[in-house]
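Only one structure is covered here, and it is reproduced in the block below.
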Amino acid sequence: MFDCGYKEQSMDGHKERFIRLEESSPSSYFPSDTRKMNKSSFHVEGFHHGPSNPTKSFRRGIKRGSERLQSIKKTLRFGSTKGIFPEDLKVSEKKIFDPQDEFLLTMNRLFVISCILAVSVDPLFFYLPVYDQDSNCLNIDRNLAYISTTMRTFIDSFYLLRMALQFRTAYIAPSSRVFGRGELVIDPAQIANRYLQRHFIVDFLAVLPLPQIVVWRFLQRSHGHDVQITKNILLFLIFLQYIPRFLRLFPLTSELKRTAGVFAETAWAGAVYYLLWFLLASHIAGAFWYFLAVERQDDCWRLACSNYSGCLKDFLYCSNNHPEGFDHWFNASGQVLNNQCSADGDNPPFDYGIFGQALTAGIVSSRKFVAKFCYCLWFGLQNLSTLGQGLITSTYPGEVFYSIALSILGLILFALLIGNMQTYLQSLTIRVEEMRVKRRDSEQWMHHRLLPQELRERVRRYDQYKWQETRGVDEENLVQSLPADLRRDIKRHLCLALVRRFVPLFANMDERLLDAICERLVPSLYTESTYIVREGDPVDEMLFIIRGRLESVTTDGGRSGFFNRSILKEGDFCGEELLTWALDPKAGANLPSSTRTVKTLTEVEAFALMADELKFVASQFRRLHSRQVQHTFRFYSQQWRTWAACFIQAAWRRYCKRKHAELRRREEEAELIDQSGSSPSLVATIYASKFAANALRGVHKFRNQSGSKLVKLPKPPEPDFSVDEAD
């Protein structure tokens, strides 16, 4: 922390030397240079370095070394609770993987596949023993031995990468799981210690190449007794290694589910996954059935050999070096073995039990692996699916135990297969089933309440239309469960393009205002002949039409002689009274009344903006008060369009009436002039008649105004656009 040194400085004409302490490295707490300390005259009692003692230095080094070893031992044993968050791991200099890294997720799926392949390759070793019909001896299929050992070595070598990644994969500290994902432990020593204590032994025992060593040893020297020894050792090793090879699947699949959430992305993949496990169990059961069939025939041959005087048990196993007396046995072996170990006929001399089918089919002496494999796979699949009901066993204990295990395993696996496949396949039609149940409940409720047929049809049309649009997914609740930022982006993606395209009122608004509006829009669906709002009812939402046709009708509050009808289509909106109410700072809590009746003519898709949401947007964003929005609102508002049409119509009628009266007056004047000729008295009479006509016209006009007035539509209340656009 401090760097000890000295410096000369001139103060008042005298040079003084003093120690400078700076923060640098902890190694400079005590200066190691005695010469400099003496030169600086910095003497403190207890820190003065005298002559070095070799014995004390040696003891001090031993003590420090033991302390370091103990600290390392404690770290490896107990570990440290210090960790980092996953986002900090990316910038860490240590090459440690995040458990939820995409690379590890992909590799874990490949490791699961490799483990399944490894379990499916091991039963191939059961097919290695094969009988030689020409020599009447048991041999090892060398071609299959090379293939099976190579495949097993390659698959296990790939799993070594998984073991290497475990030493570099961080884990979540158990003490930090109180909230969130927790902190990651990235110390390589702690990661290695955790893996060595938990799963390393199982992984190490699973990848040991013990069967390969046994087979390779036999291929190097093939004596007669080596066939029997190899066969027995392979049976023991395969079943012994099956335990860790199956156990390593559980932490691997649980880790994959914990990081990815699910093992299979789709329902079909999950169903196929469990079906493959059932086929794998059938493959193992069929291979073991083949091995036991070879074992039973070997028992029969050994019994026949013991009853024959010139036979040695080594003669029953193929070898390159035959012992003395093999030629005599080779000549008599065909007849002896056929008489005592034949599996043909209804009552064979030796009871093979469930393995007689393998002997009569000749698969134990066939070197055609594909045919042998398919036949044994069919045997295992058939008996697992039927729970071993068609098996007729002998009194051989191994055969009885195999049949019992086959029945129990078939029952468990068949239940798991049917249950999981049903679960996965039902997830494909769960929405359809929910819709069917909902429709049934709706029909029962309508029948119980005695609804008329017209209302029932409307309910059915709405349910059908909503199902076609949403497929039974509650979109609103689904989006509301997401974080605010993600919800805003989804709303923007779903609504922004449609709103800008179909609603001209929002075409020229800025991004912030559009984001605020789109975040609060709610999708709405309406069937044909649905009344959205009626004239005089309170308006609680403003509707922006995306698709469909609507009819908008008004009678100006039920005034006689007034009727206006318009058609709303894509890009139009209704409920504009709500915008006037929202922009009015003096508006109360009471919602405005609708001036029009809106009814759907076709199926309609629209976005609805509720009253409180519109009020909030209007109070937060001053851009909504601009003149440009005012002109756009007036142009597309049905209420303003109706008022403009009525105003123009009334002005046109007044103009036509004045024009008609002027034409009539001129015609009357022309008639009077024609009748009067040139007499002055007649001219005076004409002027008097014109005066009387004008007086009568004023009286009639006053009577008309007081009696019956022309129907005028009042000007709609204008929104508060007092704030300038620049504000």
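In the structure tokens, chains take letters A, B, ... by order of appearance, with residues numbered from 1 within each chain and ligands from 1 in the order shown.
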
Neighbouring residues of segment 478-493 of chain A were defined as those with any atom within 7 Å, considering only C-alpha atoms; residues of the same chain fewer than 6 positions away were excluded. Please report them as an mmCIF file with all heavy atoms, in the first residue's frame.
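This is the output file out-v4.cif:
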data_model
loop_
_atom_site.group_PDB
_atom_site.id
_atom_site.type_symbol
_atom_site.label_atom_id
_atom_site.label_comp_id
_atom_site.auth_asym_id
_atom_site.auth_seq_id
_atom_site.Cartn_x
_atom_site.Cartn_y
_atom_site.Cartn_z
ATOM 1 N N ASP A 515 -45.283 5.655 -28.952
ATOM 2 C CA ASP A 515 -44.960 4.561 -28.044
ATOM 3 C C ASP A 515 -45.898 4.543 -26.848
ATOM 4 O O ASP A 515 -46.358 3.475 -26.412
ATOM 5 C CB ASP A 515 -43.511 4.689 -27.569
ATOM 6 C CG ASP A 515 -42.522 4.340 -28.661
ATOM 7 O OD1 ASP A 515 -42.936 3.668 -29.625
ATOM 8 O OD2 ASP A 515 -41.343 4.732 -28.559
ATOM 9 N N CYS A 518 -49.341 3.322 -28.211
ATOM 10 C CA CYS A 518 -49.316 1.899 -28.577
ATOM 11 C C CYS A 518 -49.215 1.001 -27.354
ATOM 12 O O CYS A 518 -49.746 -0.114 -27.345
ATOM 13 C CB CYS A 518 -48.145 1.623 -29.517
ATOM 14 S SG CYS A 518 -48.336 2.336 -31.161
ATOM 15 N N GLU A 519 -48.520 1.473 -26.323
ATOM 16 C CA GLU A 519 -48.402 0.671 -25.110
ATOM 17 C C GLU A 519 -49.740 0.467 -24.424
ATOM 18 O O GLU A 519 -49.949 -0.527 -23.727
ATOM 19 C CB GLU A 519 -47.412 1.339 -24.160
ATOM 20 C CG GLU A 519 -47.103 0.536 -22.914
ATOM 21 C CD GLU A 519 -46.126 1.246 -22.003
ATOM 22 O OE1 GLU A 519 -45.650 2.326 -22.392
ATOM 23 O OE2 GLU A 519 -45.849 0.717 -20.910
#

Practice problem: Find the residues around Pro523 of chain A up to 7 Å (only C-alpha atoms counted), leave out those fewer than 2 positions away in its own chain, and share them as number ranges by chain. | Solution: A: 521, 525, 606-608

Quiz item: A:Glu511, A:Glu528, A:Glu255, A:Glu541: which is nearest Leu104 of chain A, counting only C-alpha atoms?
Solution: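 Ranking A:Glu511, A:Glu528, A:Glu255, A:Glu541 by distance to Leu104 of chain A, first place goes to A:Glu255.
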
Self-check item: Every residue of segment 398-578 of chain A that DSSP places in strand (DSSP E or B), as number ranges by chain
Solution: A: 522-526, 531-533, 538, 541-547, 550-554, 564-568, 573-574

Could you dump the residues just selected with C-alpha atoms as an mmCIF file, in the first residue's frame?
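Output contents, as saved in part-v6.cif:
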data_model
loop_
_atom_site.group_PDB
_atom_site.id
_atom_site.type_symbol
_atom_site.label_atom_id
_atom_site.label_comp_id
_atom_site.auth_asym_id
_atom_site.auth_seq_id
_atom_site.Cartn_x
_atom_site.Cartn_y
_atom_site.Cartn_z
ATOM 1 C CA VAL A 522 -55.967 -3.048 -26.458
ATOM 2 C CA PRO A 523 -56.948 -5.290 -29.408
ATOM 3 C CA SER A 524 -60.714 -5.708 -29.789
ATOM 4 C CA LEU A 525 -62.802 -8.046 -31.929
ATOM 5 C CA TYR A 526 -66.448 -7.498 -32.925
ATOM 6 C CA TYR A 531 -73.657 -2.242 -31.304
ATOM 7 C CA ILE A 532 -70.391 -0.745 -30.061
ATOM 8 C CA VAL A 533 -71.941 2.400 -28.605
ATOM 9 C CA PRO A 538 -71.258 7.365 -21.950
ATOM 10 C CA GLU A 541 -63.145 4.037 -25.107
ATOM 11 C CA MET A 542 -61.855 5.460 -28.355
ATOM 12 C CA LEU A 543 -61.819 2.893 -31.145
ATOM 13 C CA PHE A 544 -59.343 2.865 -34.061
ATOM 14 C CA ILE A 545 -60.523 0.605 -36.884
ATOM 15 C CA ILE A 546 -58.012 -1.720 -38.533
ATOM 16 C CA ARG A 547 -60.321 -3.942 -40.582
ATOM 17 C CA LEU A 550 -69.179 0.086 -39.350
ATOM 18 C CA GLU A 551 -72.316 2.228 -39.557
ATOM 19 C CA SER A 552 -72.383 5.546 -37.670
ATOM 20 C CA VAL A 553 -75.830 7.152 -37.238
ATOM 21 C CA THR A 554 -76.972 10.262 -35.383
ATOM 22 C CA ASN A 564 -77.266 11.513 -40.554
ATOM 23 C CA ARG A 565 -75.604 8.248 -41.560
ATOM 24 C CA SER A 566 -71.984 7.527 -42.489
ATOM 25 C CA ILE A 567 -69.812 4.466 -43.064
ATOM 26 C CA LEU A 568 -66.605 3.887 -41.091
ATOM 27 C CA PHE A 573 -62.119 6.086 -35.536
ATOM 28 C CA CYS A 574 -65.123 6.536 -33.305
#

Residues of segment 218-304 of chain A within 12 Å of segment 370-377 of chain A: nearest atom pair and distance (Å, one decimal) for each, counting only C-alpha atoms, sorted by chain and number, as CSV?
residue,atom,partner,partner_atom,distance
A:Phe278,CA,A:Leu377,CA,11.1
A:Leu279,CA,A:Leu377,CA,8.1
A:Leu280,CA,A:Leu377,CA,9.0
A:Ala281,CA,A:Leu377,CA,9.3
A:Ser282,CA,A:Leu377,CA,5.8
A:His283,CA,A:Leu377,CA,5.0
A:Ile284,CA,A:Leu377,CA,8.1
A:Ala285,CA,A:Leu377,CA,7.8
A:Gly286,CA,A:Cys376,CA,4.4
A:Ala287,CA,A:Cys376,CA,6.2
A:Phe288,CA,A:Cys376,CA,8.9
A:Trp289,CA,A:Cys376,CA,7.4
A:Tyr290,CA,A:Cys376,CA,6.9
A:Phe291,CA,A:Cys376,CA,10.4
A:Leu292,CA,A:Cys376,CA,11.9
A:Ala293,CA,A:Cys376,CA,11.0

Exercise. Mind giving me the straight-line distance from atom CA of Cys300 of chain A to atom CA of Cys341 of chain A in Å, one decimal?
Key: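 Separating atom CA of Cys300 of chain A from atom CA of Cys341 of chain A is a distance of 5.9 Å.
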